[in-house]
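A.B. asks: Handing you this structure, nothing more for now.
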Protein chains: 2
Amino acid sequence: MLKKVGRRDFIKTAGIAGAALAGGSLLAGCSNAASPNAGDVKWDEETDVLVVGTGFAGLAAAIEAKKAGADVLVIEKMPTTGGNSAINGGDMAAVGTKLQEDAGVEDSIDSMVKDMLVAGLFYNHVDRVKMVAEKSKEAIEWCTDLGVQFTKLNFHGGHSVPRTNTTVNATGADIVKAELAKLDELGIPIKTNVKLVKFISDEDERVVGIEARDGYKIGDEESGNTVFIKAKKAVVLASGGFSNDLQMRVIHEPRLTEELTSTNHQGATGEALREALKLKAMDVHMDWIQLGPWTSPDEKGFGFAPQFCERLVGHAPMIDPETGKRFINETGNRKVRADAMLALGRDTIILGDADAVARQVVLKTLESGMKNGVIREFNSLEELAAGYNIPVGPFMAEIKRWNSFVANKKDEDFGCMIFDDAGPTQKAPFYATKLWPKVHHTMGGLVTNLQSQVINQDYEPIKGLYAAGEVTGGTHGAVRLGSCAITDCIVFGRIAGQEAAKEQV
Amino acid sequence: MLKKVGRRDFIKTAGIAGAALAGGSLLAGCSNAASPNAGDVKWDEETDVLVVGTGFAGLAAAIEAKKAGADVLVIEKMPTTGGNSAINGGDMAAVGTKLQEDAGVEDSIDSMVKDMLVAGLFYNHVDRVKMVAEKSKEAIEWCTDLGVQFTKLNFHGGHSVPRTNTTVNATGADIVKAELAKLDELGIPIKTNVKLVKFISDEDERVVGIEARDGYKIGDEESGNTVFIKAKKAVVLASGGFSNDLQMRVIHEPRLTEELTSTNHQGATGEALREALKLKAMDVHMDWIQLGPWTSPDEKGFGFAPQFCERLVGHAPMIDPETGKRFINETGNRKVRADAMLALGRDTIILGDADAVARQVVLKTLESGMKNGVIREFNSLEELAAGYNIPVGPFMAEIKRWNSFVANKKDEDFGCMIFDDAGPTQKAPFYATKLWPKVHHTMGGLVTNLQSQVINQDYEPIKGLYAAGEVTGGTHGAVRLGSCAITDCIVFGRIAGQEAAKEQV
């Protein structure tokens, strides 16, 4: 079903970047009109700390700002809360957690820092990485205190050890719901369908509020009414990434045309980030846009394939159906794997046997994935080969070879990590899913300091403006290591809320 | 003399990025103070088109704007004109030139486009690449009309064919001098020691002039006097890259600390680019910063090693002195080679025999390089091995192997292109230079359209502002292909001047 993506196609399709500029289409809601003078604004509403966005970071900021004594208002442009966080896989990397202790995993902050830097190709802002690793355990405990249950310790490709704490239902919604319950308990109002249109600054270039559209409906930039919301202390921008912003993404990475879909929710667009850049904010690493190597063309969005695939790596092989052979280190980082898949230019599969799937894959993932058809069940390897048009001879030989690697705990072909509890792929039934990359995460964004203040082109904090989560850049460098995003969001979201609350009115 | 650069060092040193932010040092001259209202400014001077910078692009813009009937003023912050262009190697890629015709080289615009995209990892804005390739021949002819002599057709790593036109003295100064002579002929004034401090815009966000420091001395931000220069039609920003801007470069690429030097002149800093970003301009590819793989630790700045090295690739081998073996495709692109050298973590050498050097290296390069000690002469390969502490046995075997590849016109080890006129490395004397990368070119910069207008965060042109040359991004994508920068500068510099002159006063 997929067209072969070769360099020729990239050359051809990449032309859209130029077209995007030549077209010069003006996104509605991004008016060039000068901001009203802050002194002249008739505010419709006011609060101490205004939080934009209801993902992990925004909700963490809201909770902390309220706890620190500030009045808080949260706005969300979508009709529902949670943004991309709600459809995330619920995997959170941390060092020294109870799950690691129970499993006897030895880990260290230095190890997590190093893994993030290696994956990030050393583009990471090291102080941020250290902060995330150092506060990762506390971030897990903060979630646990909210009622989040982390029930399984998992391994993600690119980490030195298993350090990924997965929530009970293997979804970020487990965390978002707990945060929302806390907001409710604290009496923090959330207004959905309210979209930030622009920031309003005073003469001292301090952000003092925003212009917004109340009653906004995604896709209709004329919807809703203009309102002005005053933020007496600060605005915390936690508006997420721009994986679904085609115009923005092809400027920074021209290959990522409409031929690649995204795992993200519809609202993952970059207009709020661009509004912040109009305040002379500095951006970084905007062209590093992560593809998920574990998504399936057989379902929309993030889907169930990622949870299936990521639980199986290190326990089961990925296969190129055309040759029946493996083609990549299954535990390599996302970029290595996605690049290899793009270079191959066709769908691949991952398969696991009954034991591996029972041991590794969350039952809900398996059931949901089978129900929507993305995960398929086969009574034998031969039947699986037939199901994906894999040449059966080479495939059976490759599985035999893989099983010998598993027996020796050493992959001689690609250096895949093989876990201690991994077993041979031999017991029916067998489960498999097709894989093809999707646009998943934008590493780049606003430059912020360790207090989550947004930094301007003079390397100074913009007064009254904080940011956290995917709208910021620097933590993940060039390539985000899997399961480090939630940690980043919670750590810097909390800091943003704490620091915003300290601002003098 | 070089310390080994391993990942551990990068982890350690990369901490500076965070430090740069935490320090929050304010560069003098980059004040946050609000711009004076354009209507209130008492202009000290006025012109139609104000050009900032005197490199290839700025001078080309000045000439074209004047030819189109505009009054033009050029400012330069340094005491001398030419910027980085004057110390450039004078290599200009173009398709279908007289030198290609004389040499019987078959080439095409598509081939140049493809080579630039492959080198640029397909991050390039394709329309820009096409424009550069299509107008490359015209750009060469424009230079020739100014009196520039291109006397040799050379090959640069990453190009499919020889398409690099080199000036008679193998220096960009040959082009800059010809441009300066034209400015003189046209009566265009150039003011040196005048530094742009900030842009001044009117209420409609049109750039109408600048605030500058007249009498500025590099390194002393308090030097000179404040002046206001009105640009009735437009400002053309051609202020170059930021290879020598440590604070800026470690934010975008934290590995590039003070442990790496630069080939660039002292003024290659990014404050003018950042001033443009304060006008809500959009930047792109800021984190792709090119290292020159052909620089030597035995001389400062760009030096003579690059001209020696780049003439010899495809004719002579590069050797790791510790093993005596080759380690890279010598005709690979700059990034491939620089990354391999960083991974190796120690100085390497390139050597050529008497025939290769006589045939390929410009005499002036050889003489100057030998005089300053960066190029060394040896009476035998054994003597050369001793001179660089190379194990002689493996080295002699490797040279024999290389010579067999040359005889067969096929490198079986690394796939280096071996040119038709390449001969074996065997005839004394032998010449060699040590190599270690230096920061050379910043691929990223302002997003501009095909009219050289600077694009803002709403994807619209900023009125009254044009940019060309290294201060812009998009043409080279992730990795600039060697010898394509001058072409980009001349093509888009000319366009900027032509378009700026068309603006209505």
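Going through the structure tokens in order, the chains are called A, B, and so on, while each chain numbers its residues from 1 and the ligands are numbered from 1 in the order shown.
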From a backbone DSSP assignment, name each residue in segment 239-346 of chain B labelled strand (DSSP E), as a PDB file with all heavy atoms, in the first residue's frame.

C.D. replies:
ATOM      1  N   ASP B 283      14.042  31.625  11.241  1.00  0.00           N
ATOM      2  CA  ASP B 283      15.327  31.028  10.884  1.00  0.00           C
ATOM      3  C   ASP B 283      15.147  29.544  10.600  1.00  0.00           C
ATOM      4  O   ASP B 283      14.107  28.949  10.914  1.00  0.00           O
ATOM      5  CB  ASP B 283      16.397  31.267  11.956  1.00  0.00           C
ATOM      6  CG  ASP B 283      16.024  30.702  13.317  1.00  0.00           C
ATOM      7  OD1 ASP B 283      15.138  29.830  13.406  1.00  0.00           O
ATOM      8  OD2 ASP B 283      16.625  31.133  14.310  1.00  0.00           O
ATOM      9  N   VAL B 284      16.157  28.960   9.987  1.00  0.00           N
ATOM     10  CA  VAL B 284      16.075  27.564   9.590  1.00  0.00           C
ATOM     11  C   VAL B 284      17.474  26.954   9.597  1.00  0.00           C
ATOM     12  O   VAL B 284      18.456  27.646   9.314  1.00  0.00           O
ATOM     13  CB  VAL B 284      15.413  27.456   8.186  1.00  0.00           C
ATOM     14  CG1 VAL B 284      16.327  27.983   7.087  1.00  0.00           C
ATOM     15  CG2 VAL B 284      14.974  26.035   7.869  1.00  0.00           C
ATOM     16  N   ILE B 289      26.068  23.186  11.279  1.00  0.00           N
ATOM     17  CA  ILE B 289      27.264  24.021  11.239  1.00  0.00           C
ATOM     18  C   ILE B 289      28.396  23.167  10.662  1.00  0.00           C
ATOM     19  O   ILE B 289      28.731  22.114  11.200  1.00  0.00           O
ATOM     20  CB  ILE B 289      27.594  24.544  12.648  1.00  0.00           C
ATOM     21  CG1 ILE B 289      26.420  25.407  13.159  1.00  0.00           C
ATOM     22  CG2 ILE B 289      28.903  25.320  12.638  1.00  0.00           C
ATOM     23  CD1 ILE B 289      26.590  25.957  14.560  1.00  0.00           C
ATOM     24  N   GLN B 290      28.928  23.633   9.547  1.00  0.00           N
ATOM     25  CA  GLN B 290      29.877  22.800   8.812  1.00  0.00           C
ATOM     26  C   GLN B 290      31.294  22.921   9.350  1.00  0.00           C
ATOM     27  O   GLN B 290      31.796  24.014   9.587  1.00  0.00           O
ATOM     28  CB  GLN B 290      29.864  23.234   7.348  1.00  0.00           C
ATOM     29  CG  GLN B 290      30.751  22.393   6.472  1.00  0.00           C
ATOM     30  CD  GLN B 290      30.438  22.638   5.004  1.00  0.00           C
ATOM     31  OE1 GLN B 290      30.701  23.708   4.482  1.00  0.00           O
ATOM     32  NE2 GLN B 290      29.851  21.659   4.358  1.00  0.00           N
ATOM     33  N   LEU B 291      31.899  21.761   9.496  1.00  0.00           N
ATOM     34  CA  LEU B 291      33.319  21.725   9.821  1.00  0.00           C
ATOM     35  C   LEU B 291      34.084  21.497   8.525  1.00  0.00           C
ATOM     36  O   LEU B 291      33.687  20.675   7.701  1.00  0.00           O
ATOM     37  CB  LEU B 291      33.607  20.581  10.795  1.00  0.00           C
ATOM     38  CG  LEU B 291      32.824  20.614  12.108  1.00  0.00           C
ATOM     39  CD1 LEU B 291      33.160  19.392  12.952  1.00  0.00           C
ATOM     40  CD2 LEU B 291      33.124  21.887  12.886  1.00  0.00           C
ATOM     41  N   GLY B 292      35.163  22.219   8.341  1.00  0.00           N
ATOM     42  CA  GLY B 292      36.040  21.948   7.210  1.00  0.00           C
ATOM     43  C   GLY B 292      36.920  20.761   7.557  1.00  0.00           C
ATOM     44  O   GLY B 292      37.591  20.777   8.586  1.00  0.00           O
ATOM     45  N   MET B 318      44.526   9.991   2.000  1.00  0.00           N
ATOM     46  CA  MET B 318      44.587  10.500   3.370  1.00  0.00           C
ATOM     47  C   MET B 318      44.918   9.322   4.277  1.00  0.00           C
ATOM     48  O   MET B 318      44.396   8.221   4.085  1.00  0.00           O
ATOM     49  CB  MET B 318      43.246  11.102   3.793  1.00  0.00           C
ATOM     50  CG  MET B 318      43.027  12.522   3.320  1.00  0.00           C
ATOM     51  SD  MET B 318      41.365  13.150   3.753  1.00  0.00           S
ATOM     52  CE  MET B 318      41.514  13.355   5.541  1.00  0.00           C
ATOM     53  N   ILE B 319      45.745   9.590   5.273  1.00  0.00           N
ATOM     54  CA  ILE B 319      46.279   8.506   6.109  1.00  0.00           C
ATOM     55  C   ILE B 319      46.097   8.847   7.593  1.00  0.00           C
ATOM     56  O   ILE B 319      46.276  10.000   7.999  1.00  0.00           O
ATOM     57  CB  ILE B 319      47.799   8.330   5.823  1.00  0.00           C
ATOM     58  CG1 ILE B 319      48.031   7.893   4.366  1.00  0.00           C
ATOM     59  CG2 ILE B 319      48.458   7.366   6.805  1.00  0.00           C
ATOM     60  CD1 ILE B 319      47.627   6.469   4.053  1.00  0.00           C
TER      61      ILE B 319
END

A.B. asks: Please list as a list in words every residue within 6 Å of segment 487-501 of chain B, counting only C-alpha atoms and excluding residues in the same chain fewer than 4 positions away.

C.D. replies: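 Near neighbours after the sequence-gap exclusion: Phe56, Ala57, Ala60, Ala61, Ala62, Glu64, Ala65, Ala70, Met92, Val132, Ala234, Ser452, Tyr466, Ala468 and Gly469 of chain B.
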
A.B. asks: Could the residues in this selection be saved with N, CA and C atoms as a PDB file, in the first residue's frame?

C.D. replies:
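result06.pdb written:
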ATOM      1  N   PHE B  56      30.868  38.648  -0.909  1.00  0.00           N
ATOM      2  CA  PHE B  56      30.367  38.400  -2.270  1.00  0.00           C
ATOM      3  C   PHE B  56      28.931  38.907  -2.452  1.00  0.00           C
ATOM      4  N   ALA B  57      28.062  38.528  -1.505  1.00  0.00           N
ATOM      5  CA  ALA B  57      26.628  38.809  -1.656  1.00  0.00           C
ATOM      6  C   ALA B  57      26.320  40.288  -1.538  1.00  0.00           C
ATOM      7  N   ALA B  60      27.573  42.195  -4.578  1.00  0.00           N
ATOM      8  CA  ALA B  60      26.744  41.891  -5.759  1.00  0.00           C
ATOM      9  C   ALA B  60      25.419  42.644  -5.680  1.00  0.00           C
ATOM     10  N   ALA B  61      24.838  42.682  -4.478  1.00  0.00           N
ATOM     11  CA  ALA B  61      23.572  43.406  -4.293  1.00  0.00           C
ATOM     12  C   ALA B  61      23.759  44.891  -4.569  1.00  0.00           C
ATOM     13  N   ALA B  62      24.858  45.455  -4.070  1.00  0.00           N
ATOM     14  CA  ALA B  62      25.113  46.886  -4.254  1.00  0.00           C
ATOM     15  C   ALA B  62      25.230  47.228  -5.736  1.00  0.00           C
ATOM     16  N   GLU B  64      24.050  45.591  -8.367  1.00  0.00           N
ATOM     17  CA  GLU B  64      22.778  45.429  -9.086  1.00  0.00           C
ATOM     18  C   GLU B  64      21.763  46.521  -8.723  1.00  0.00           C
ATOM     19  N   ALA B  65      21.743  46.890  -7.444  1.00  0.00           N
ATOM     20  CA  ALA B  65      20.798  47.934  -7.030  1.00  0.00           C
ATOM     21  C   ALA B  65      21.150  49.262  -7.711  1.00  0.00           C
ATOM     22  N   ALA B  70      19.063  52.783  -8.245  1.00  0.00           N
ATOM     23  CA  ALA B  70      18.926  53.198  -6.843  1.00  0.00           C
ATOM     24  C   ALA B  70      20.215  53.838  -6.334  1.00  0.00           C
ATOM     25  N   MET B  92      34.143  28.220  -7.231  1.00  0.00           N
ATOM     26  CA  MET B  92      32.747  28.550  -7.534  1.00  0.00           C
ATOM     27  C   MET B  92      32.154  27.490  -8.451  1.00  0.00           C
ATOM     28  N   VAL B 132      19.926  28.429  -7.781  1.00  0.00           N
ATOM     29  CA  VAL B 132      21.393  28.553  -7.762  1.00  0.00           C
ATOM     30  C   VAL B 132      21.996  27.803  -8.948  1.00  0.00           C
ATOM     31  N   ALA B 234      15.069  49.954   0.810  1.00  0.00           N
ATOM     32  CA  ALA B 234      15.215  48.703   1.559  1.00  0.00           C
ATOM     33  C   ALA B 234      16.611  48.558   2.145  1.00  0.00           C
ATOM     34  N   SER B 452      14.679  36.954  -2.519  1.00  0.00           N
ATOM     35  CA  SER B 452      15.603  37.334  -1.437  1.00  0.00           C
ATOM     36  C   SER B 452      14.939  38.150  -0.344  1.00  0.00           C
ATOM     37  N   TYR B 466      15.750  42.582   2.756  1.00  0.00           N
ATOM     38  CA  TYR B 466      16.253  41.495   1.906  1.00  0.00           C
ATOM     39  C   TYR B 466      17.488  40.907   2.576  1.00  0.00           C
ATOM     40  N   ALA B 468      20.906  37.949   1.743  1.00  0.00           N
ATOM     41  CA  ALA B 468      21.577  37.014   0.838  1.00  0.00           C
ATOM     42  C   ALA B 468      22.900  36.576   1.450  1.00  0.00           C
ATOM     43  N   GLY B 469      23.365  35.431   0.983  1.00  0.00           N
ATOM     44  CA  GLY B 469      24.650  34.904   1.447  1.00  0.00           C
ATOM     45  C   GLY B 469      24.503  34.065   2.700  1.00  0.00           C
TER      46      GLY B 469
END

A.B. asks: For atom CA of Ala432 of chain B and atom CA of Ile350 of chain B, determine how far apart the two atoms are, in Å to one decimal place.

C.D. replies: 5.5 Å

A.B. asks: If we count only C-alpha atoms and set the cut-off at 12 Å, which residues sit around segment 164-168 of chain B, ignoring sequence neighbours fewer than 6 positions away in its own chain? Please answer as a PyMOL selection string.

C.D. replies: chain B and resi 88-101+103+105+107+112+136-137+139-141+143-144+147-158+174-178+307+310-311+360-365+481-487

A.B. asks: For atom CA of Arg249 of chain A and atom CA of Met286 of chain A, determine how far apart the two atoms are, in Å to one decimal place.

C.D. replies: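 Between these atoms lies a distance of 8.6 Å.
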
A.B. asks: Determine, counting only C-alpha atoms, which protein, DNA and RNA residues have an atom within 10 Å of an atom of Ile349 of chain A; residues of the same chain fewer than 4 positions away are not included. Present the result as number ranges by chain.

C.D. replies: A: 294, 296, 309, 317-321, 324, 326, 388, 432-436

A.B. asks: Enter the distance from atom CA of Phe327 of chain B to atom CA of Phe430 of chain B, in Å, rounded to one decimal.

C.D. replies: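 Going from atom CA of Phe327 of chain B over to atom CA of Phe430 of chain B covers 20.1 Å.
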
A.B. asks: With distances taken over only C-alpha atoms, which residue among B:Gly241, B:Gly55, B:Gly387, B:Pro254 lies nearest chain A?

C.D. replies: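 Among the listed residues, the smallest separation from chain A belongs to B:Pro254.
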
A.B. asks: For Asn372 of chain A, find every residue with an atom within 9 Å (counting only C-alpha atoms), except residues of its own chain fewer than 5 positions away, and show them as an MDAnalysis selection string.

C.D. replies: chainID A and resid 298:299 304 367

A.B. asks: Could you turn the residues from that selection into a file that holds C-alpha atoms, as a tab-separated table (two decimals), in the first residue's frame?

C.D. replies:
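So result_35.tsv came out as:
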chain	number	residue	atom	x	y	z
A	298	ASP	CA	-2.59	-0.41	8.99
A	299	GLU	CA	-4.04	2.05	11.52
A	304	PHE	CA	-1.52	0.15	19.03
A	367	GLU	CA	-6.74	-7.21	22.22

A.B. asks: Which residue out of A:Glu460, A:Glu377, A:Glu503, A:Glu134 has the minimum interatomic distance to chain B when only C-alpha atoms are used?

C.D. replies: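 Closest residue, counting only C-alpha atoms: A:Glu460.
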
A.B. asks: With a distance cut-off of 12 Å and only C-alpha atoms, select the neighbouring residues of Leu117 of chain B, excluding the residue or stretch itself and same-chain residues fewer than 4 positions from it, and output the selection as number ranges by chain.

C.D. replies: A: 7-8, 10-12, 14-15, 254-255; B: 110-113, 121-130, 133, 158-159, 333, 474-481, 484

A.B. asks: What residues in segment 143-388 of chain B get the DSSP label helix (DSSP H, G or I)? Please answer as a ChimeraX atom specification.

C.D. replies: /B:143-145,173-186,246-252,271-277,305-312,334-344,354-360,363-371,381-387
